4 protein chains.
Amino acid sequence: MSADVTVDPSDPTPPFEQLRSQLEALITTGVLPRDARLAPVRQLAGDLGLAPGTVSRAYRELEAQGLVQTRRGAGTRVCGGFVAEDGDSRLAALTRRFVADARGLGAADDDVIAAVRAALDAG
Amino acid sequence: MSADVTVDPSDPTPPFEQLRSQLEALITTGVLPRDARLAPVRQLAGDLGLAPGTVSRAYRELEAQGLVQTRRGAGTRVCGGFVAEDGDSRLAALTRRFVADARGLGAADDDVIAAVRAALDAG
Amino acid sequence: MSADVTVDPSDPTPPFEQLRSQLEALITTGVLPRDARLAPVRQLAGDLGLAPGTVSRAYRELEAQGLVQTRRGAGTRVCGGFVAEDGDSRLAALTRRFVADARGLGAADDDVIAAVRAALDAG
Amino acid sequence: MSADVTVDPSDPTPPFEQLRSQLEALITTGVLPRDARLAPVRQLAGDLGLAPGTVSRAYRELEAQGLVQTRRGAGTRVCGGFVAEDGDSRLAALTRRFVADARGLGAADDDVIAAVRAALDAG
DNA sequence: GTGGTCTAGACCACC
DNA sequence: GTGGTCTAGACCACT
């Protein structure tokens with residue numbers, strides 16, 4: 001049932017990354033809407049002939065990107081629509097994480113803003 | 001030799017996170033200076049009685065934080081002092097990643113700046 | 001000078017494959033025309049910060065694809081234009097290789113033709 | 001106990017090729033039957049006094065020939081008997097690769113068939 | 001514990 | 001000077 005994802009073993013891209021990028025596309029395009037539940041790790045692993053750890057890692061990376069949110073015992077769900085909303089949007093979650101990391105590096109607020117401006121201009 | 005790290009199996013904190021946070025402390029306090037080389041994954045794993053993948057994951061998360069830089073075949077080294085420098089600083093690397101992710105969410109430049117400001121004020 | 005190729009260390013795709021696929025595109029699109037010489041292995045390696053063996057492998061795979069031809073001491077050159085020509089075209093070279101391999105598997109001529117038809121229909 | 005292979009350092013043929021051709025012979029003659037597992041890369045390397053990468057390359061070339069199939073983390077096995085079977089035979093795998101490469105060269109289906117016919121007649 | 005890829009430096013063969 | 005190959009050991013991803 002779950003939206004189609006496939007893994008090509010002959011592709012030099014590692015399976016977890018094939019998975020991650022396909023799921024990323026499904027989410028950012030809105031095929032998987034906010035609150036949609038991803039397939040359980042073990043089920044998806046079984047369907048694709050992968051080890052559970054491989055699927056698990058794909059989900060974990062999506063979580064680091066702020067695209068999904070996983071709660072023990074409750075599966076993993078899409079974190080937001082494909083446009084930032086009100087309070088607890090994915091962008092806000094991603095940004096909190098980034099700011100915490102940046103401060104961990106000893107950066108002052110102004111440094112952070114400057115770095116972001118620079119990165120936006122560069123890209 | 002390498003700086004002391006330990007893992008307490010009775011601690012509910014997962015081993016990779018115990019490792020990560022201890023190494024983070026060693027780096028941000030300067031005990032492990034810029035360019036210091038971390039112990040090889042397999043050696044540290046052997047010393048601590050952990051699986052190599054566990055150590056590997058701790059290193060990977062440190063890399064995502066911008067604290068270390070790992071080059072395939074050449075080990076993993078501390079990425080910088082504890083203040084951002086010129087061109088390719090840790091803050092810059094972290095920020096590039098964040099900006100890429102934020103754009104992946106469809107955020108415009110102004111949205112990004114606004115989100116960062118909000119997160120800085122909140123924290 | 002040489003046509004632009006770049007390697008992104010943070011891309012999960014291995015460097016040799018990033019290189020190979022970019023060069024493949026440059027050749028099949030005609031940006032690198034027949035007989036164009038690729039950059040020397042060590043030069044390209046130095047420019048990109050890679051080990052010579054890595055660039056070497058990319059070149060070797062392109063050769064297996066029939067896109068380039070490399071002669072010891074004389075560098076490696078693009079094997080053909082972007083459309084098959086007369087006698088020793090890239091398609092012919094690729095096909096000779098394929099036929100030899102297929103026969104090595106014990107396939108009869110009819111088997112080979114049938115397999116090719118099937119693959120063409122499938123793709 | 002695996003079938004005997006040896007490497008002669010005084011032979012001008014590079015070690016990886018000595019290995020490849022011996023294994024090829026063992027497979028095509030049926031000494032190593034379908035599904036037989038090749039020795040692990042590191043074990044064979046140790047036995048022969050070679051670097052793992054050298055053995056690895058021999059295995060990789062055999063895979064490109066369609067003789068063995070390697071699954072990450074699960075070793076490499078002989079891919080088939082010495083005659084093509086049902087769905088995913090070695091010939092089919094080899095052919096898919098060839099067709100993909102040929103199309104990458106811009107060849108139309110008719111060109112491919114013609115080239116194969118020519119190569120079969122020539123050989 | 002499996003194969004995969006990379007680095008760094010080395011030697012060889014060819015032009 | 002060019003590519004080809006090798007070694008030794010590192011990390012990576014997967015089962």
# chains A, B, ... in the order shown; residues from 1 in each chain; ligands from 1

$ interface_residues --of "chain B" --to "chain F" --cutoff "10 Å" --atoms "only C-alpha atoms (C1' of nucleotides)" --output "NGL selection string"
:B and (40-42 or 53 or 56 or 70-76)

$ calpha_fit_and_write --fixed "chain C" --moving "chain B" --output "PDB file with C-alpha atoms, in the first residue's frame"
ATOM      1  CA  MET B   1      41.544  24.752 -18.364  1.00  0.00           C
ATOM      2  CA  SER B   2      39.990  21.392 -19.186  1.00  0.00           C
ATOM      3  CA  ALA B   3      36.211  21.347 -18.904  1.00  0.00           C
ATOM      4  CA  ASP B   4      34.994  21.794 -15.375  1.00  0.00           C
ATOM      5  CA  VAL B   5      34.373  18.834 -13.215  1.00  0.00           C
ATOM      6  CA  THR B   6      33.888  18.928  -9.501  1.00  0.00           C
ATOM      7  CA  VAL B   7      33.604  16.463  -6.691  1.00  0.00           C
ATOM      8  CA  ASP B   8      31.383  16.957  -3.672  1.00  0.00           C
ATOM      9  CA  PRO B   9      32.763  15.026  -0.698  1.00  0.00           C
ATOM     10  CA  SER B  10      29.449  15.264   1.137  1.00  0.00           C
ATOM     11  CA  ASP B  11      27.660  13.524  -1.708  1.00  0.00           C
ATOM     12  CA  PRO B  12      27.129   9.861  -0.831  1.00  0.00           C
ATOM     13  CA  THR B  13      27.935   9.022  -4.468  1.00  0.00           C
ATOM     14  CA  PRO B  14      31.519   7.798  -4.579  1.00  0.00           C
ATOM     15  CA  PRO B  15      33.940  10.307  -6.131  1.00  0.00           C
ATOM     16  CA  PHE B  16      34.924   8.071  -9.023  1.00  0.00           C
ATOM     17  CA  GLU B  17      31.251   7.829  -9.994  1.00  0.00           C
ATOM     18  CA  GLN B  18      30.689  11.563  -9.682  1.00  0.00           C
ATOM     19  CA  LEU B  19      33.606  11.997 -11.999  1.00  0.00           C
ATOM     20  CA  ARG B  20      32.506   9.316 -14.406  1.00  0.00           C
ATOM     21  CA  SER B  21      28.993  10.608 -14.796  1.00  0.00           C
ATOM     22  CA  GLN B  22      30.098  14.212 -15.291  1.00  0.00           C
ATOM     23  CA  LEU B  23      32.595  13.211 -17.925  1.00  0.00           C
ATOM     24  CA  GLU B  24      30.000  11.006 -19.564  1.00  0.00           C
ATOM     25  CA  ALA B  25      27.689  14.007 -19.822  1.00  0.00           C
ATOM     26  CA  LEU B  26      30.434  16.214 -21.239  1.00  0.00           C
ATOM     27  CA  ILE B  27      31.169  13.647 -23.884  1.00  0.00           C
ATOM     28  CA  THR B  28      27.667  12.657 -24.919  1.00  0.00           C
ATOM     29  CA  THR B  29      26.628  16.296 -25.156  1.00  0.00           C
ATOM     30  CA  GLY B  30      29.581  17.050 -27.354  1.00  0.00           C
ATOM     31  CA  VAL B  31      31.277  19.527 -25.016  1.00  0.00           C
ATOM     32  CA  LEU B  32      34.228  17.204 -25.197  1.00  0.00           C
ATOM     33  CA  PRO B  33      34.401  16.400 -28.912  1.00  0.00           C
ATOM     34  CA  ARG B  34      35.860  13.394 -30.643  1.00  0.00           C
ATOM     35  CA  ASP B  35      39.608  13.096 -30.090  1.00  0.00           C
ATOM     36  CA  ALA B  36      39.611  15.621 -27.261  1.00  0.00           C
ATOM     37  CA  ARG B  37      42.209  14.648 -24.750  1.00  0.00           C
ATOM     38  CA  LEU B  38      41.186  14.216 -21.141  1.00  0.00           C
ATOM     39  CA  ALA B  39      43.354  15.776 -18.474  1.00  0.00           C
ATOM     40  CA  PRO B  40      46.245  13.547 -17.373  1.00  0.00           C
ATOM     41  CA  VAL B  41      45.254  11.364 -14.453  1.00  0.00           C
ATOM     42  CA  ARG B  42      47.695  12.938 -12.005  1.00  0.00           C
ATOM     43  CA  GLN B  43      46.830  16.482 -12.985  1.00  0.00           C
ATOM     44  CA  LEU B  44      43.107  16.019 -12.555  1.00  0.00           C
ATOM     45  CA  ALA B  45      43.748  14.158  -9.307  1.00  0.00           C
ATOM     46  CA  GLY B  46      45.866  17.045  -8.033  1.00  0.00           C
ATOM     47  CA  ASP B  47      43.314  19.657  -9.084  1.00  0.00           C
ATOM     48  CA  LEU B  48      40.482  17.873  -7.334  1.00  0.00           C
ATOM     49  CA  GLY B  49      42.405  16.667  -4.310  1.00  0.00           C
ATOM     50  CA  LEU B  50      41.827  13.030  -5.196  1.00  0.00           C
ATOM     51  CA  ALA B  51      44.105  10.030  -5.349  1.00  0.00           C
ATOM     52  CA  PRO B  52      45.305   9.226  -8.873  1.00  0.00           C
ATOM     53  CA  GLY B  53      43.730   5.791  -8.604  1.00  0.00           C
ATOM     54  CA  THR B  54      40.314   7.366  -8.198  1.00  0.00           C
ATOM     55  CA  VAL B  55      40.564   9.340 -11.393  1.00  0.00           C
ATOM     56  CA  SER B  56      42.081   6.336 -13.064  1.00  0.00           C
ATOM     57  CA  ARG B  57      39.109   4.237 -12.169  1.00  0.00           C
ATOM     58  CA  ALA B  58      36.677   6.788 -13.582  1.00  0.00           C
ATOM     59  CA  TYR B  59      38.624   6.783 -16.847  1.00  0.00           C
ATOM     60  CA  ARG B  60      38.674   3.002 -16.911  1.00  0.00           C
ATOM     61  CA  GLU B  61      34.921   2.788 -16.527  1.00  0.00           C
ATOM     62  CA  LEU B  62      34.441   5.297 -19.315  1.00  0.00           C
ATOM     63  CA  GLU B  63      36.601   3.107 -21.461  1.00  0.00           C
ATOM     64  CA  ALA B  64      34.481   0.065 -20.646  1.00  0.00           C
ATOM     65  CA  GLN B  65      31.490   2.122 -21.783  1.00  0.00           C
ATOM     66  CA  GLY B  66      33.207   2.777 -25.070  1.00  0.00           C
ATOM     67  CA  LEU B  67      33.326   6.541 -24.566  1.00  0.00           C
ATOM     68  CA  VAL B  68      37.066   7.012 -24.319  1.00  0.00           C
ATOM     69  CA  GLN B  69      40.102   5.152 -25.487  1.00  0.00           C
ATOM     70  CA  THR B  70      43.278   5.118 -23.515  1.00  0.00           C
ATOM     71  CA  ARG B  71      46.678   4.241 -24.855  1.00  0.00           C
ATOM     72  CA  ARG B  72      49.448   3.543 -22.405  1.00  0.00           C
ATOM     73  CA  GLY B  73      51.923   6.319 -22.379  1.00  0.00           C
ATOM     74  CA  ALA B  74      49.816   8.466 -24.648  1.00  0.00           C
ATOM     75  CA  GLY B  75      46.937   9.679 -22.558  1.00  0.00           C
ATOM     76  CA  THR B  76      43.216   9.082 -22.903  1.00  0.00           C
ATOM     77  CA  ARG B  77      41.049  10.611 -25.599  1.00  0.00           C
ATOM     78  CA  VAL B  78      37.397  10.793 -26.454  1.00  0.00           C
ATOM     79  CA  CYS B  79      36.668   7.879 -28.665  1.00  0.00           C
ATOM     80  CA  GLY B  80      34.194   9.181 -31.153  1.00  0.00           C
ATOM     81  CA  GLY B  81      31.461  11.660 -31.836  1.00  0.00           C
ATOM     82  CA  PHE B  82      28.049  10.740 -30.581  1.00  0.00           C
ATOM     83  CA  VAL B  83      27.059   8.556 -33.411  1.00  0.00           C
ATOM     84  CA  ALA B  84      28.603   5.303 -34.527  1.00  0.00           C
ATOM     85  CA  GLU B  85      30.750   5.426 -37.647  1.00  0.00           C
ATOM     86  CA  ASP B  86      32.559   3.018 -39.916  1.00  0.00           C
ATOM     87  CA  GLY B  87      34.844   0.198 -38.873  1.00  0.00           C
ATOM     88  CA  ASP B  88      36.069   0.597 -35.373  1.00  0.00           C
ATOM     89  CA  SER B  89      33.325   2.634 -33.789  1.00  0.00           C
ATOM     90  CA  ARG B  90      32.607   2.787 -30.121  1.00  0.00           C
ATOM     91  CA  LEU B  91      29.451   0.769 -30.598  1.00  0.00           C
ATOM     92  CA  ALA B  92      31.413  -1.900 -32.400  1.00  0.00           C
ATOM     93  CA  ALA B  93      33.986  -2.037 -29.596  1.00  0.00           C
ATOM     94  CA  LEU B  94      31.299  -2.237 -26.949  1.00  0.00           C
ATOM     95  CA  THR B  95      29.525  -4.936 -28.874  1.00  0.00           C
ATOM     96  CA  ARG B  96      32.622  -7.046 -29.378  1.00  0.00           C
ATOM     97  CA  ARG B  97      33.148  -7.012 -25.653  1.00  0.00           C
ATOM     98  CA  PHE B  98      29.559  -7.955 -24.968  1.00  0.00           C
ATOM     99  CA  VAL B  99      29.562 -10.776 -27.477  1.00  0.00           C
ATOM    100  CA  ALA B 100      32.770 -12.179 -26.040  1.00  0.00           C
ATOM    101  CA  ASP B 101      31.327 -12.112 -22.531  1.00  0.00           C
ATOM    102  CA  ALA B 102      28.050 -13.652 -23.668  1.00  0.00           C
ATOM    103  CA  ARG B 103      29.859 -16.485 -25.394  1.00  0.00           C
ATOM    104  CA  GLY B 104      31.901 -16.942 -22.268  1.00  0.00           C
ATOM    105  CA  LEU B 105      28.612 -17.717 -20.581  1.00  0.00           C
ATOM    106  CA  GLY B 106      27.994 -20.460 -23.091  1.00  0.00           C
ATOM    107  CA  ALA B 107      25.306 -18.649 -25.019  1.00  0.00           C
ATOM    108  CA  ALA B 108      24.648 -19.590 -28.640  1.00  0.00           C
ATOM    109  CA  ASP B 109      24.255 -16.898 -31.276  1.00  0.00           C
ATOM    110  CA  ASP B 110      20.484 -17.191 -31.226  1.00  0.00           C
ATOM    111  CA  ASP B 111      20.424 -16.825 -27.459  1.00  0.00           C
ATOM    112  CA  VAL B 112      22.375 -13.625 -27.749  1.00  0.00           C
ATOM    113  CA  ILE B 113      20.093 -12.111 -30.341  1.00  0.00           C
ATOM    114  CA  ALA B 114      17.046 -13.125 -28.333  1.00  0.00           C
ATOM    115  CA  ALA B 115      18.458 -11.604 -25.167  1.00  0.00           C
ATOM    116  CA  VAL B 116      19.249  -8.354 -26.907  1.00  0.00           C
ATOM    117  CA  ARG B 117      15.763  -8.154 -28.420  1.00  0.00           C
ATOM    118  CA  ALA B 118      14.232  -8.775 -25.013  1.00  0.00           C
ATOM    119  CA  ALA B 119      16.370  -6.108 -23.382  1.00  0.00           C
ATOM    120  CA  LEU B 120      15.560  -3.582 -26.089  1.00  0.00           C
ATOM    121  CA  ASP B 121      11.841  -4.235 -25.750  1.00  0.00           C
ATOM    122  CA  ALA B 122      11.973  -4.053 -21.974  1.00  0.00           C
ATOM    123  CA  GLY B 123      13.822  -0.775 -21.882  1.00  0.00           C
TER     124      GLY B 123
END

$ select_by_dssp --residues "chain B" --states "helix (DSSP H, G or I)" --output "PyMOL selection string"
chain B and resi 15-28+41-48+52-64+90-104+109-122

$ select_by_dssp --residues "region 32-83 of chain B" --states "strand (DSSP E or B)" --output "list in words"
Arg37, Val68, Gln69, Thr70, Thr76, Arg77 and Val78 of chain B

$ interface_residues --of "chain E" --to "chain D" --cutoff "12 Å" --atoms "only C-alpha atoms (C1' of nucleotides)" --output "list in words"
DG1, DT2, DG3, DG4, DT5, DC6, DC12 and DA13 of chain E

$ write_last_selection --atoms "N, CA, C and O atoms (P, O5', C5', C4', C3', O3' and C1' of nucleotides)" --output "compact mmCIF listing (two decimals), in the first residue's frame"
# COMPACT_ATOMS: atom_id res chain seq x y z
P DG E 1 33.90 -12.17 13.57
O5' DG E 1 33.69 -12.01 12.00
C5' DG E 1 32.59 -12.74 11.46
C4' DG E 1 32.24 -12.15 10.12
C3' DG E 1 33.46 -11.79 9.27
O3' DG E 1 33.15 -12.11 7.93
C1' DG E 1 32.08 -9.97 9.39
P DT E 2 34.17 -12.53 6.89
O5' DT E 2 33.54 -11.90 5.58
C5' DT E 2 32.25 -12.34 5.14
C4' DT E 2 31.63 -11.24 4.30
C3' DT E 2 32.58 -10.52 3.36
O3' DT E 2 32.69 -11.17 2.13
C1' DT E 2 31.07 -9.00 4.42
P DG E 3 33.90 -10.76 1.23
O5' DG E 3 33.31 -9.47 0.53
C5' DG E 3 32.23 -9.62 -0.37
C4' DG E 3 31.76 -8.25 -0.83
C3' DG E 3 32.76 -7.53 -1.76
O3' DG E 3 32.02 -6.79 -2.72
C1' DG E 3 32.37 -6.23 0.15
P DG E 4 32.80 -5.69 -3.58
O5' DG E 4 32.62 -4.34 -2.75
C5' DG E 4 31.34 -3.73 -2.68
C4' DG E 4 31.52 -2.22 -2.52
C3' DG E 4 32.53 -1.67 -3.53
O3' DG E 4 32.04 -0.43 -4.04
C1' DG E 4 33.24 -1.18 -1.33
P DT E 5 32.92 0.17 -5.22
O5' DT E 5 33.70 1.30 -4.42
C5' DT E 5 32.96 2.28 -3.73
C4' DT E 5 33.94 3.15 -2.98
C3' DT E 5 35.06 3.67 -3.86
O3' DT E 5 34.91 5.07 -3.96
C1' DT E 5 35.84 2.90 -1.72
P DC E 6 36.04 5.94 -4.66
O5' DC E 6 37.04 6.26 -3.47
C5' DC E 6 36.59 7.11 -2.43
C4' DC E 6 37.73 7.28 -1.44
C3' DC E 6 38.98 7.84 -2.11
O3' DC E 6 39.23 9.15 -1.62
C1' DC E 6 39.45 5.96 -0.68
P DC E 12 60.62 -1.20 -10.20
O5' DC E 12 59.60 -1.40 -11.40
C5' DC E 12 58.52 -2.31 -11.26
C4' DC E 12 57.60 -2.19 -12.48
C3' DC E 12 58.36 -2.11 -13.81
O3' DC E 12 57.81 -3.07 -14.69
C1' DC E 12 56.78 -0.36 -13.64
P DA E 13 58.65 -3.36 -16.04
O5' DA E 13 57.73 -2.70 -17.15
C5' DA E 13 56.32 -2.95 -17.09
C4' DA E 13 55.65 -2.12 -18.16
C3' DA E 13 56.45 -2.01 -19.46
O3' DA E 13 55.54 -2.11 -20.54
C1' DA E 13 55.99 0.13 -18.63

$ decode --residues "chain E" --atoms "C-alpha atoms (C1' of nucleotides)" --output "compact mmCIF listing (two decimals), in the first residue's frame"
# COMPACT_ATOMS: atom_id res chain seq x y z
C1' DG E 1 32.08 -9.97 9.39
C1' DT E 2 31.07 -9.00 4.42
C1' DG E 3 32.37 -6.23 0.15
C1' DG E 4 33.24 -1.18 -1.33
C1' DT E 5 35.84 2.90 -1.72
C1' DC E 6 39.45 5.96 -0.68
C1' DT E 7 44.30 7.73 0.44
C1' DA E 8 49.20 7.97 -0.01
C1' DG E 9 53.14 6.70 -1.86
C1' DA E 10 55.60 3.43 -4.65
C1' DC E 11 57.32 0.94 -8.79
C1' DC E 12 56.78 -0.36 -13.64
C1' DA E 13 55.99 0.13 -18.63
C1' DC E 14 55.39 2.99 -22.54
C1' DC E 15 56.04 7.01 -25.55
